[in-house]
Structures are given as C-alpha cells and as structure tokens.
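**Student:** My file is my_file-v3.cif. It has mmCIF, C-alpha atoms and all ligand atoms:
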```cif
data_work
#
loop_
_atom_site.label_atom_id
_atom_site.label_comp_id
_atom_site.auth_asym_id
_atom_site.auth_seq_id
_atom_site.Cartn_x
_atom_site.Cartn_y
_atom_site.Cartn_z
CA MET A 1 0.00 0.00 0.00
CA ARG A 2 1.45 3.35 -0.91
CA GLY A 3 1.48 6.22 1.52
CA TYR A 4 -0.96 8.73 0.14
CA GLN A 5 -0.34 12.42 0.30
CA LEU A 6 -3.51 14.46 -0.01
CA VAL A 7 -2.89 17.20 -2.54
CA PRO A 8 -5.57 19.54 -3.82
CA GLY A 9 -5.77 18.24 -7.37
CA GLY A 10 -5.25 14.56 -6.68
CA SER A 11 -2.25 14.75 -8.97
CA GLY A 12 0.02 11.79 -9.30
CA VAL A 13 0.98 8.72 -11.24
CA TYR A 14 -0.89 5.49 -10.55
CA ARG A 15 0.71 2.40 -12.02
CA ALA A 16 -0.66 -0.82 -13.38
CA GLU A 17 0.54 -2.76 -10.37
CA GLU A 18 -1.54 -0.53 -8.08
CA ALA A 19 -4.77 -1.22 -9.99
CA ARG A 20 -7.63 -3.40 -8.89
CA ILE A 21 -8.33 -5.61 -11.89
CA ALA A 22 -11.49 -7.47 -12.84
CA ARG A 23 -10.63 -10.09 -15.45
CA GLY A 24 -7.05 -9.39 -16.40
CA THR A 25 -3.43 -9.82 -15.41
CA ILE A 26 -0.28 -7.84 -14.80
CA ASP A 27 2.03 -8.75 -17.68
CA THR A 28 5.62 -7.93 -18.64
CA ASN A 29 5.96 -9.49 -22.08
CA HIS A 30 5.92 -6.27 -24.11
CA ALA A 31 8.70 -3.71 -23.61
CA GLY A 32 8.40 -0.06 -22.79
CA PHE A 33 6.17 -0.10 -19.73
CA SER A 34 7.04 1.71 -16.50
CA GLY A 35 7.26 0.11 -13.09
CA ILE A 36 6.64 -3.60 -12.57
CA GLY A 37 4.25 -4.41 -15.39
CA PHE A 38 1.18 -3.39 -17.35
CA VAL A 39 -2.48 -4.34 -17.13
CA ASN A 40 -3.61 -6.84 -19.75
CA LEU A 41 -7.40 -6.91 -19.52
CA ALA A 42 -9.28 -9.99 -20.62
CA ARG A 43 -10.66 -9.90 -24.11
CA ALA A 44 -14.18 -9.51 -22.79
CA GLU A 45 -16.72 -6.75 -22.43
CA GLY A 46 -16.77 -5.57 -18.82
CA SER A 47 -13.15 -6.33 -17.92
CA TYR A 48 -11.82 -3.35 -15.99
CA ALA A 49 -9.01 -1.74 -14.03
CA GLU A 50 -9.54 0.82 -11.32
CA TRP A 51 -7.41 2.99 -9.13
CA THR A 52 -7.97 4.98 -5.96
CA VAL A 53 -7.07 8.61 -6.51
CA PRO A 54 -7.01 10.71 -3.34
CA SER A 55 -7.70 14.40 -3.59
CA GLY A 56 -7.54 17.05 -0.93
CA ALA A 57 -10.37 19.03 -2.49
CA ALA A 58 -13.07 18.82 -5.12
CA SER A 59 -11.35 19.77 -8.36
CA ALA A 60 -11.30 19.56 -12.11
CA ALA A 61 -8.39 17.49 -13.39
CA ALA A 62 -6.99 15.88 -16.50
CA LEU A 63 -6.66 12.10 -16.69
CA ASP A 64 -3.90 10.71 -18.90
CA LEU A 65 -3.99 7.01 -19.74
CA ALA A 66 -0.77 5.43 -21.02
CA TYR A 67 -1.61 2.44 -23.19
CA ALA A 68 -0.57 0.20 -26.05
CA ASN A 69 -2.86 -1.23 -28.69
CA GLY A 70 -1.04 -3.51 -31.09
CA THR A 71 -4.11 -4.30 -33.15
CA GLY A 72 -5.47 -2.41 -36.12
CA ALA A 73 -8.70 -1.40 -34.40
CA ASP A 74 -9.82 0.92 -31.63
CA ARG A 75 -10.20 -0.61 -28.15
CA PRO A 76 -12.82 1.72 -26.64
CA MET A 77 -13.36 1.93 -22.90
CA ASP A 78 -15.87 3.58 -20.61
CA VAL A 79 -14.26 5.80 -17.99
CA THR A 80 -16.03 6.37 -14.68
CA VAL A 81 -15.07 8.44 -11.68
CA ASN A 82 -16.89 7.45 -8.49
CA GLY A 83 -19.32 5.46 -10.63
CA VAL A 84 -20.25 8.42 -12.83
CA LEU A 85 -19.39 8.22 -16.51
CA ALA A 86 -16.68 10.67 -17.55
CA ALA A 87 -16.46 9.19 -21.06
CA VAL A 88 -18.46 6.63 -22.98
CA GLY A 89 -16.41 4.47 -25.30
CA HIS A 90 -13.32 6.64 -25.00
CA ALA A 91 -11.07 5.80 -27.96
CA PHE A 92 -7.78 3.93 -27.61
CA PRO A 93 -6.60 3.88 -31.22
CA PRO A 94 -3.88 1.55 -32.55
CA THR A 95 -0.37 2.52 -31.40
CA GLY A 96 1.49 0.47 -34.01
CA GLY A 97 2.54 -2.41 -31.78
CA TRP A 98 2.19 -3.83 -28.27
CA ASP A 99 5.57 -2.35 -27.31
CA THR A 100 4.64 1.12 -28.59
CA TRP A 101 2.95 3.19 -25.90
CA SER A 102 0.85 6.29 -26.32
CA THR A 103 -1.26 8.54 -24.12
CA THR A 104 -4.85 9.61 -24.40
CA SER A 105 -6.44 12.20 -22.12
CA LEU A 106 -9.82 13.36 -20.89
CA PRO A 107 -11.12 15.78 -18.29
CA ILE A 108 -12.44 14.40 -15.00
CA SER A 109 -13.98 15.80 -11.84
CA LEU A 110 -12.64 14.72 -8.46
CA LYS A 111 -14.27 15.01 -5.06
CA ALA A 112 -12.42 15.59 -1.83
CA GLY A 113 -11.23 12.31 -0.39
CA ALA A 114 -10.82 8.95 -2.11
CA ASN A 115 -11.91 8.82 -5.75
CA THR A 116 -12.36 5.64 -7.77
CA VAL A 117 -11.25 5.92 -11.38
CA ARG A 118 -12.31 2.91 -13.44
CA VAL A 119 -11.76 2.04 -17.11
CA THR A 120 -14.00 -0.71 -18.49
CA SER A 121 -13.79 -2.58 -21.79
CA THR A 122 -16.89 -1.95 -23.89
CA THR A 123 -16.40 -4.64 -26.53
CA ALA A 124 -15.58 -8.36 -26.64
CA ASP A 125 -12.03 -7.42 -27.73
CA GLY A 126 -11.36 -6.01 -24.27
CA GLY A 127 -9.29 -2.91 -23.64
CA PRO A 128 -5.79 -1.91 -24.65
CA ASN A 129 -2.83 -2.80 -22.45
CA LEU A 130 -2.58 -0.12 -19.74
CA ASP A 131 0.72 1.01 -18.21
CA ARG A 132 -0.39 3.79 -15.87
CA ILE A 133 -2.71 6.71 -15.35
CA THR A 134 -1.63 10.22 -14.50
CA VAL A 135 -3.89 12.75 -12.83
CA ARG A 136 -2.82 16.36 -13.29
C1 LIG B 1 -1.84 -10.15 -27.50
C2 LIG B 1 -0.85 -9.37 -26.64
C3 LIG B 1 -1.49 -8.99 -25.32
C4 LIG B 1 -2.78 -8.24 -25.57
C5 LIG B 1 -3.70 -9.10 -26.42
C6 LIG B 1 -5.02 -8.43 -26.77
O1 LIG B 1 -2.10 -11.41 -26.92
O2 LIG B 1 0.30 -10.17 -26.40
O3 LIG B 1 -0.60 -8.22 -24.53
O4 LIG B 1 -3.39 -7.90 -24.37
O5 LIG B 1 -3.07 -9.45 -27.63
O6 LIG B 1 -5.44 -8.53 -27.91
O7 LIG B 1 -5.61 -7.79 -25.91
#
```
So, in terms of structure tokens, how does the structure I just supplied come out?

**Tutor:**
Amino acid sequence: MRGYQLVPGGSGVYRAEEARIARGTIDTNHAGFSGIGFVNLARAEGSYAEWTVPSGAASAAALDLAYANGTGADRPMDVTVNGVLAAVGHAFPPTGGWDTWSTTSLPISLKAGANTVRVTSTTADGGPNLDRITVR
C-alpha cells in the first residue's frame, strides 16, 4: 500500500501494479512499460481496471492514460469516476505495436477524499494494455 499524500488536485501517477483488476493480469511481455508491469485486460466486455485517486479538495483534473494497442482497431473503454461516466467508449486507437505506448487524455472531476477511477472494456475485444494513469 502506498502512503498517500492528499494534494488539492489529486495529482500523481498510478501504475498498473496498483490497480484493482477485474478479469485481467499484470504482464511484462511487451517492452516499454514503466514500473513492474502493465495491465492486460481480458478480451471480454466488462473487464476493468480501477485505481484509488485521493484528492484534498473537489477539483477539475486531467486524466492521462498510457496504453498500447497492437491491433489495427480501436479498443474503446468507458471511464467512470466514483461510478459516474466521464467518457463513454473513449477511444484507444492503434499505437502500431504492443511495445509502442501512447497517451490519451480526458477531463475528469474529483471530489475531496478517495476517488475511484475505473476504465472498463466496452467490446468483446477487451481494452488496450494499460501502463499507468496520471492525474494532473
Ligand atoms: C496479444 C498481446 C497482449 C494483448 C492481447 C489483446 O495477446 O500479447 O498483450 O493484451 O493481444 O489482444 O488484448
């Protein structure tokens, strides 16, 4: 368990290995990830990863998701914060290979205290591989 520091914007980097995962694994077989591994979600609708993001105050923030998609097709995901949809079918376009990582961003709203940020696969292909999220 990491020691959380409550900062106003909830800013920080939250890695794959800190995620709670429903239907998926932490893998290391594609290069370029940070930390210990990346999240490989099951190729199934509804597979998800979520992180706890503490914030010292209610705030608007940006959420960056570092991912790889080695297929030729989008791997869309729903993004929720505290159970409320922040994005429906947010696009994770092809990155050119499983060892080529990119970042996609969206705005989110945080409350004071512990926030739950969840990304959920919306198709039977599952999501992209996820290395980390950054809140800023
Ligand atoms: C390959 C790749 C995995 C990826 C999977 C997928 O098996 O090695 O890392 O998660 O494809 O299509 O999701």

**Student:** Could you work out an axis-aligned box for ligand LIG 1 (chain B), taking every atom the file lists and adding 6 Å on each side, and report centre and edge lengths in Å to one decimal, as AutoDock Vina command-line options?

**Tutor:**
```
--center_x -2.7 --center_y -9.6 --center_z -26.1 --size_x 17.9 --size_y 15.6 --size_z 15.5
```

**Student:** Ligand LIG 1 (chain B): which residues are within 9 Å, counting only C-alpha atoms and all ligand atoms? Reply as a list in words.

**Tutor:** Gly24, Asp27, Thr28, Asn29, His30, Phe38, Val39, Asn40, Leu41, Ala42, Arg43, Ala68, Asn69, Gly70, Thr71, Arg75, Trp98, Asp99, Asp125, Gly126, Gly127, Pro128 and Asn129 of chain A

**Student:** May I have the selected residues written with C-alpha atoms, as a PDB file, in the coordinates of the input?

**Tutor:**
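That gives us selection-v1.pdb:
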```
ATOM      1  CA  GLY A  24      -7.050  -9.390 -16.400  1.00  0.00           C
ATOM      2  CA  ASP A  27       2.030  -8.750 -17.680  1.00  0.00           C
ATOM      3  CA  THR A  28       5.620  -7.930 -18.640  1.00  0.00           C
ATOM      4  CA  ASN A  29       5.960  -9.490 -22.080  1.00  0.00           C
ATOM      5  CA  HIS A  30       5.920  -6.270 -24.110  1.00  0.00           C
ATOM      6  CA  PHE A  38       1.180  -3.390 -17.350  1.00  0.00           C
ATOM      7  CA  VAL A  39      -2.480  -4.340 -17.130  1.00  0.00           C
ATOM      8  CA  ASN A  40      -3.610  -6.840 -19.750  1.00  0.00           C
ATOM      9  CA  LEU A  41      -7.400  -6.910 -19.520  1.00  0.00           C
ATOM     10  CA  ALA A  42      -9.280  -9.990 -20.620  1.00  0.00           C
ATOM     11  CA  ARG A  43     -10.660  -9.900 -24.110  1.00  0.00           C
ATOM     12  CA  ALA A  68      -0.570   0.200 -26.050  1.00  0.00           C
ATOM     13  CA  ASN A  69      -2.860  -1.230 -28.690  1.00  0.00           C
ATOM     14  CA  GLY A  70      -1.040  -3.510 -31.090  1.00  0.00           C
ATOM     15  CA  THR A  71      -4.110  -4.300 -33.150  1.00  0.00           C
ATOM     16  CA  ARG A  75     -10.200  -0.610 -28.150  1.00  0.00           C
ATOM     17  CA  TRP A  98       2.190  -3.830 -28.270  1.00  0.00           C
ATOM     18  CA  ASP A  99       5.570  -2.350 -27.310  1.00  0.00           C
ATOM     19  CA  ASP A 125     -12.030  -7.420 -27.730  1.00  0.00           C
ATOM     20  CA  GLY A 126     -11.360  -6.010 -24.270  1.00  0.00           C
ATOM     21  CA  GLY A 127      -9.290  -2.910 -23.640  1.00  0.00           C
ATOM     22  CA  PRO A 128      -5.790  -1.910 -24.650  1.00  0.00           C
ATOM     23  CA  ASN A 129      -2.830  -2.800 -22.450  1.00  0.00           C
TER      24      ASN A 129
END
```

**Student:** How many Å separate atom CA of A:Gly96 from atom CA of A:Tyr67?

**Tutor:**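 Result for atom CA of A:Gly96 versus atom CA of A:Tyr67: 11.4 Å, one decimal.
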
**Student:** Just the residues within 9 Å of A:Val81, please, counting only C-alpha atoms, with nothing from its chain fewer than 6 positions along; format it as a PyMOL selection string.

**Tutor:** chain A and resi 108-110+115-118

**Student:** Could you work out how far atom CA of A:Glu17 lies from atom CA of A:Ala86, giving the answer in Å with one decimal?

**Tutor:** 23.0 Å

**Student:** Check the smallest atom-to-atom distance from each of A:His90, A:Ala124, A:Glu18, A:Ser105 to A:Val53 using only C-alpha atoms, then report the winner.

**Tutor:**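 The closest residue to A:Val53 is A:Glu18.
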
**Student:** Just checking: using only C-alpha atoms, which residue out of A:Val13, A:Thr25, A:Gly56, A:Ala49 ends up closest to A:Ala112?

**Tutor:**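 The answer is A:Gly56, which sits nearest to A:Ala112.
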
**Student:** Excluding A:Thr122 and any residue of its chain fewer than 4 positions from it, enumerate the residues within 9 Å of it, using only C-alpha atoms, and give them as a PDB file with C-alpha atoms, in the coordinates of the input.

**Tutor:**
```pdb
ATOM      1  CA  ALA A  44     -14.180  -9.510 -22.790  1.00  0.00           C
ATOM      2  CA  GLU A  45     -16.720  -6.750 -22.430  1.00  0.00           C
ATOM      3  CA  GLY A  46     -16.770  -5.570 -18.820  1.00  0.00           C
ATOM      4  CA  SER A  47     -13.150  -6.330 -17.920  1.00  0.00           C
ATOM      5  CA  ARG A  75     -10.200  -0.610 -28.150  1.00  0.00           C
ATOM      6  CA  PRO A  76     -12.820   1.720 -26.640  1.00  0.00           C
ATOM      7  CA  MET A  77     -13.360   1.930 -22.900  1.00  0.00           C
ATOM      8  CA  ASP A  78     -15.870   3.580 -20.610  1.00  0.00           C
ATOM      9  CA  VAL A  88     -18.460   6.630 -22.980  1.00  0.00           C
ATOM     10  CA  GLY A  89     -16.410   4.470 -25.300  1.00  0.00           C
ATOM     11  CA  GLY A 126     -11.360  -6.010 -24.270  1.00  0.00           C
ATOM     12  CA  GLY A 127      -9.290  -2.910 -23.640  1.00  0.00           C
TER      13      GLY A 127
END
```

**Student:** At what distance in Å, to one decimal, does atom CA of A:Lys111 lie from atom CA of A:Arg15?

**Tutor:**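 Interatomic distance here is 20.8 Å.
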
**Student:** I'd like to know which of A:Ile133, A:Thr123, A:Gly10, A:Thr80 is closest to A:Ala58, using only C-alpha atoms.

**Tutor:**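 Smallest separation from A:Ala58 among the options: A:Gly10.
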
**Student:** Identify which of the residues A:Ala57, A:Val119, A:Ile21, A:Ala62 lies closest to A:Val84, counting only C-alpha atoms when measuring atom-to-atom distances.

**Tutor:** A:Val119

**Student:** With only C-alpha atoms as the counted atoms, please give the residues lying no more than 9 Å from A:Arg20, apart from itself and same-chain residues fewer than 6 positions off, as a list in words.

**Tutor:**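 My reading of the contact set: Tyr48, Ala49, Glu50, Trp51 and Thr52 of chain A.
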
**Student:** Taking into account all atoms listed in the file, which residue in the set A:Ala73, A:Ala87, A:Asp64, A:Phe33 is nearest to A:Thr120?

**Tutor:**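 Looking at the shortest contact to A:Thr120, the residue is A:Ala87.
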